[in-house]
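For reference, input-v6.csv is printed below; it contains CSV, C-alpha atoms and all ligand atoms.
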```csv
chain,number,residue,atom,x,y,z
X,7,MET,CA,-13.2,0.6,-11.2
X,8,THR,CA,-14.0,4.0,-12.6
X,9,ASP,CA,-14.9,5.6,-9.2
X,10,CYS,CA,-11.9,4.3,-7.3
X,11,LEU,CA,-9.3,6.8,-6.2
X,12,PHE,CA,-6.4,4.3,-6.3
X,13,CYS,CA,-7.5,2.9,-9.7
X,14,LYS,CA,-7.3,6.6,-10.9
X,15,ILE,CA,-3.8,7.0,-9.4
X,16,ILE,CA,-2.6,3.7,-11.0
X,17,ALA,CA,-4.0,4.9,-14.4
X,18,GLY,CA,-2.2,8.2,-14.0
X,19,ASP,CA,-5.5,10.2,-14.0
X,20,ILE,CA,-4.6,11.5,-10.6
X,21,PRO,CA,-1.0,12.4,-10.0
X,22,SER,CA,1.1,10.6,-7.3
X,23,ASN,CA,4.7,10.4,-6.2
X,24,LYS,CA,5.5,6.9,-7.6
X,25,VAL,CA,8.2,4.9,-6.0
X,26,TYR,CA,7.7,1.5,-7.7
X,27,GLU,CA,5.7,0.0,-10.6
X,28,ASP,CA,5.6,-3.4,-12.3
X,29,ASP,CA,2.9,-5.3,-14.3
X,30,LEU,CA,0.9,-6.1,-11.1
X,31,VAL,CA,1.8,-3.6,-8.5
X,32,PHE,CA,2.0,0.2,-8.0
X,33,ALA,CA,3.5,2.0,-5.0
X,34,PHE,CA,3.5,5.7,-4.2
X,35,ARG,CA,4.0,8.0,-1.2
X,36,ASP,CA,1.1,8.6,1.1
X,37,ILE,CA,-0.4,12.1,0.8
X,38,ASN,CA,-0.7,12.3,4.6
X,39,PRO,CA,2.5,10.7,5.9
X,40,GLN,CA,2.4,9.1,9.4
X,41,ALA,CA,6.1,8.5,9.5
X,42,PRO,CA,9.2,9.8,7.8
X,43,THR,CA,8.8,7.1,5.1
X,44,HIS,CA,5.1,6.3,4.3
X,45,ILE,CA,4.5,4.4,1.1
X,46,LEU,CA,1.3,2.7,-0.1
X,47,VAL,CA,1.6,-0.5,-2.1
X,48,VAL,CA,-1.4,-1.5,-4.1
X,49,PRO,CA,-2.3,-4.2,-6.7
X,50,LYS,CA,-3.3,-2.9,-10.1
X,51,GLU,CA,-6.2,-5.2,-10.0
X,52,HIS,CA,-9.0,-3.8,-7.9
X,53,ILE,CA,-9.5,-5.7,-4.7
X,54,ALA,CA,-11.5,-3.8,-2.1
X,55,SER,CA,-9.9,-5.0,1.1
X,56,ALA,CA,-8.1,-7.8,2.9
X,57,ALA,CA,-11.6,-9.2,3.5
X,58,ASP,CA,-11.8,-9.8,-0.3
X,59,ILE,CA,-8.6,-11.9,-0.7
X,60,THR,CA,-9.4,-15.3,-2.1
X,61,LYS,CA,-7.4,-18.2,-3.7
X,62,ASN,CA,-8.3,-16.6,-7.0
X,63,ASN,CA,-6.6,-13.3,-6.4
X,64,SER,CA,-4.0,-14.1,-3.6
X,65,ALA,CA,-1.1,-14.4,-6.0
X,66,VAL,CA,-0.9,-10.6,-6.4
X,67,ILE,CA,-0.9,-10.3,-2.6
X,68,ALA,CA,2.0,-12.7,-2.4
X,69,HIS,CA,3.8,-10.6,-5.1
X,70,ILE,CA,3.2,-7.5,-3.0
X,71,PHE,CA,5.0,-9.1,-0.1
X,72,GLU,CA,8.0,-9.8,-2.5
X,73,VAL,CA,8.0,-6.2,-3.6
X,74,ILE,CA,7.7,-4.7,-0.1
X,75,PRO,CA,11.3,-5.7,1.0
X,76,GLN,CA,12.7,-4.3,-2.3
X,77,ILE,CA,11.0,-1.0,-1.6
X,78,ALA,CA,12.1,-1.0,2.0
X,79,LYS,CA,15.7,-1.6,0.9
X,80,SER,CA,15.6,1.1,-1.8
X,81,GLU,CA,14.1,3.6,0.9
X,82,GLY,CA,17.0,2.8,3.2
X,83,LEU,CA,14.8,1.3,5.9
X,84,LYS,CA,17.7,-0.7,7.3
X,85,ASN,CA,16.5,-0.6,10.9
X,86,GLY,CA,13.1,-2.0,10.2
X,87,PHE,CA,9.6,-1.0,9.0
X,88,ARG,CA,6.0,-1.7,9.7
X,89,VAL,CA,3.4,-3.0,7.1
X,90,ILE,CA,-0.3,-2.3,7.8
X,91,THR,CA,-3.5,-2.9,5.9
X,92,ASN,CA,-6.7,-1.5,7.2
X,93,SER,CA,-9.8,-3.6,6.4
X,94,GLY,CA,-13.3,-2.2,6.9
X,95,PRO,CA,-14.8,0.4,9.2
X,96,ASP,CA,-13.5,-0.9,12.5
X,97,ALA,CA,-10.0,-0.5,11.1
X,98,CYS,CA,-10.8,2.9,9.6
X,99,GLN,CA,-10.2,1.9,6.0
X,100,SER,CA,-10.8,5.1,4.0
X,101,VAL,CA,-9.9,4.0,0.5
X,102,HIS,CA,-11.6,0.8,-0.7
X,103,HIS,CA,-8.9,-0.5,-2.9
X,104,ILE,CA,-6.6,-2.8,-0.8
X,105,HIS,CA,-3.3,-1.1,0.1
X,106,PHE,CA,-0.4,-1.9,2.3
X,107,HIS,CA,1.2,0.9,4.2
X,108,ILE,CA,4.9,0.7,4.6
X,109,LEU,CA,5.9,2.9,7.5
X,110,GLY,CA,9.5,3.5,8.7
X,111,GLY,CA,12.3,5.9,9.2
X,112,GLU,CA,11.9,6.3,13.0
X,113,GLN,CA,11.4,4.3,16.2
X,114,MET,CA,7.7,3.4,16.3
X,115,SER,CA,5.5,2.6,19.2
X,116,ASP,CA,5.3,-1.0,20.4
X,117,LYS,CA,1.5,-0.6,20.4
X,118,MET,CA,-0.2,-1.4,17.1
X,119,ALA,CA,-3.7,0.1,18.0
O,201,LIG,P1,-6.5,3.8,4.9
O,201,LIG,O1,-7.0,4.7,6.0
O,201,LIG,O2,-5.8,2.6,5.4
O,201,LIG,O3,-7.7,3.5,3.9
O,201,LIG,O4,-5.4,4.6,4.1
O,201,LIG,C1,-5.7,5.4,3.0
O,201,LIG,C2,-4.5,6.3,2.8
O,201,LIG,O5,-4.6,6.8,1.5
O,201,LIG,C3,-4.3,7.4,3.8
O,201,LIG,O6,-3.1,7.2,4.6
O,201,LIG,C4,-4.1,8.6,2.9
O,201,LIG,C5,-3.9,8.1,1.6
O,201,LIG,N1,-4.5,8.9,0.5
O,201,LIG,C6,-5.8,9.3,0.4
O,201,LIG,N2,-6.0,10.0,-0.7
O,201,LIG,C7,-4.7,10.0,-1.4
O,201,LIG,C8,-4.3,10.6,-2.6
O,201,LIG,O7,-5.0,11.2,-3.3
O,201,LIG,N3,-3.0,10.5,-2.9
O,201,LIG,C9,-2.1,9.8,-2.0
O,201,LIG,N4,-0.8,9.7,-2.4
O,201,LIG,N5,-2.5,9.2,-0.9
O,201,LIG,C10,-3.8,9.3,-0.6
```
Now, as a test, write the supplied structure out as structure tokens.
Amino acid sequence: MTDCLFCKIIAGDIPSNKVYEDDLVFAFRDINPQAPTHILVVPKEHIASAADITKNNSAVIAHIFEVIPQIAKSEGLKNGFRVITNSGPDACQSVHHIHFHILGGEQMSDKMA
């Protein structure tokens, strides 16, 4: 999508601090980190949100969940990490290209909302 921020980051039209890339997935550091380690993992294919996952595009989501532990390991998140995806206005999704936040590097709250 031409007007999608994360599509522009994936294409290299907007700079990012990349931590991982393969044929299907791109991962980069969040511009506004909420934890010592805060990485966004996105499919290269434009999927707007978790509400838009279907049997036709879910393979890349499964792949993302294979990549996430690799990234967590390479980031040294030995003591754990949190994975979050915000979907829609109630969840405060601000970029409408599905992304999975990896948060770690500190003890987090036991509350998720
Ligand atoms: P969400 O609220 O779940 O839609 O999260 C969007 C995240 O995207 C938010 O944590 C900040 C991050 N973000 C927004 N714009 C940019 C950008 O231009 N570069 C990077 N690296 N991250 C961005």
Item checked: Shell of 12 Å around ligand LIG 201 (chain O) (all atoms listed in the file), written as a ChimeraX atom specification -> /X:10-16,18-25,32-41,43-48,54-56,89-109
Next item on the list: Just the residues within 8 Å of stretch 76-78 of chain X, please, counting all atoms listed in the file, with nothing from its chain fewer than 2 positions along; format it as an MDAnalysis selection string.
Entry: chainID X and resid 25:26 72:74 80:84 87 108
Checklist line | Atomic separation - atom CA of X:Pro42 relative to atom CA of X:Leu30, Å | finding: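 Spanning atom CA of X:Leu30 to atom CA of X:Pro42 is a straight-line distance of 26.1 Å.
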Note to self: To one decimal place in Å, what is the distance between atom CA of X:Asp58 and atom CA of X:Ala119?
What the structure shows: 22.3 Å
Notebook entry, point to check: atom CA of X:Val31 and atom CA of X:Pro49 are how many Å apart?
Noted result: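 We find that atom CA of X:Val31 and atom CA of X:Pro49 lie 4.5 Å from each other.
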Emit as JSON the padded axis-aligned box for all listed atoms of stretch 81-94 of chain X, 3 Å per side, with centre and edge lengths in Å to one decimal.
```
{"center_x": 2.2, "center_y": 0.0, "center_z": 5.9, "size_x": 37.0, "size_y": 13.2, "size_z": 16.0}
```
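With distances taken over all atoms listed in the file, X:Ala17 is the one residue among X:Met114, X:Asp9, X:Ala17, X:Lys79 lying closest to X:Lys50.
Among the candidate residues X:Gly86, X:Ser115, X:Val66, X:Glu27, the one lying nearest to X:Glu51 is X:Val66, with distances computed using all atoms listed in the file.
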Residue completion, stretch 77-93 of chain X, N, CA, C and O atoms, as a short mmCIF file (atom, residue, chain, number, x, y, z; two decimals), keeping the file's coordinate frame:
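Contents of out.cif, freshly written:
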```cif
data_model
loop_
_atom_site.label_atom_id
_atom_site.label_comp_id
_atom_site.auth_asym_id
_atom_site.auth_seq_id
_atom_site.Cartn_x
_atom_site.Cartn_y
_atom_site.Cartn_z
N ILE X 77 11.25 -2.40 -1.82
CA ILE X 77 11.00 -1.00 -1.60
C ILE X 77 11.65 -0.52 -0.30
O ILE X 77 12.29 0.54 -0.26
N ALA X 78 11.51 -1.33 0.74
CA ALA X 78 12.10 -1.00 2.00
C ALA X 78 13.61 -0.79 1.88
O ALA X 78 14.21 0.15 2.43
N LYS X 79 14.24 -1.68 1.12
CA LYS X 79 15.70 -1.60 0.90
C LYS X 79 16.02 -0.30 0.13
O LYS X 79 16.94 0.45 0.48
N SER X 80 15.25 -0.04 -0.93
CA SER X 80 15.60 1.10 -1.80
C SER X 80 15.30 2.43 -0.99
O SER X 80 15.89 3.47 -1.30
N GLU X 81 14.43 2.38 0.02
CA GLU X 81 14.10 3.60 0.90
C GLU X 81 15.12 3.68 2.01
O GLU X 81 15.02 4.62 2.82
N GLY X 82 16.02 2.70 2.14
CA GLY X 82 17.00 2.80 3.20
C GLY X 82 16.50 2.42 4.59
O GLY X 82 17.07 2.87 5.59
N LEU X 83 15.44 1.62 4.65
CA LEU X 83 14.80 1.30 5.90
C LEU X 83 15.58 0.12 6.58
O LEU X 83 15.02 -0.94 6.87
N LYS X 84 16.86 0.35 6.84
CA LYS X 84 17.70 -0.70 7.30
C LYS X 84 17.37 -1.18 8.73
O LYS X 84 17.66 -2.30 9.13
N ASN X 85 16.77 -0.28 9.49
CA ASN X 85 16.50 -0.60 10.90
C ASN X 85 15.09 -1.14 11.13
O ASN X 85 14.67 -1.30 12.27
N GLY X 86 14.38 -1.40 10.05
CA GLY X 86 13.10 -2.00 10.20
C GLY X 86 11.96 -1.13 9.60
O GLY X 86 12.17 0.04 9.25
N PHE X 87 10.81 -1.72 9.50
CA PHE X 87 9.60 -1.00 9.00
C PHE X 87 8.39 -1.77 9.42
O PHE X 87 8.46 -2.92 9.85
N ARG X 88 7.26 -1.11 9.30
CA ARG X 88 6.00 -1.70 9.70
C ARG X 88 5.10 -1.76 8.42
O ARG X 88 5.11 -0.82 7.61
N VAL X 89 4.36 -2.86 8.26
CA VAL X 89 3.40 -3.00 7.10
C VAL X 89 2.02 -3.16 7.75
O VAL X 89 1.81 -4.01 8.62
N ILE X 90 1.10 -2.32 7.27
CA ILE X 90 -0.30 -2.30 7.80
C ILE X 90 -1.25 -2.31 6.65
O ILE X 90 -1.06 -1.61 5.65
N THR X 91 -2.34 -3.09 6.79
CA THR X 91 -3.50 -2.90 5.90
C THR X 91 -4.72 -2.77 6.78
O THR X 91 -4.93 -3.56 7.71
N ASN X 92 -5.49 -1.74 6.53
CA ASN X 92 -6.70 -1.50 7.20
C ASN X 92 -7.87 -2.11 6.42
O ASN X 92 -7.96 -1.86 5.22
N SER X 93 -8.73 -2.89 7.06
CA SER X 93 -9.80 -3.60 6.40
C SER X 93 -11.14 -3.27 7.07
O SER X 93 -11.35 -3.72 8.20
#
```
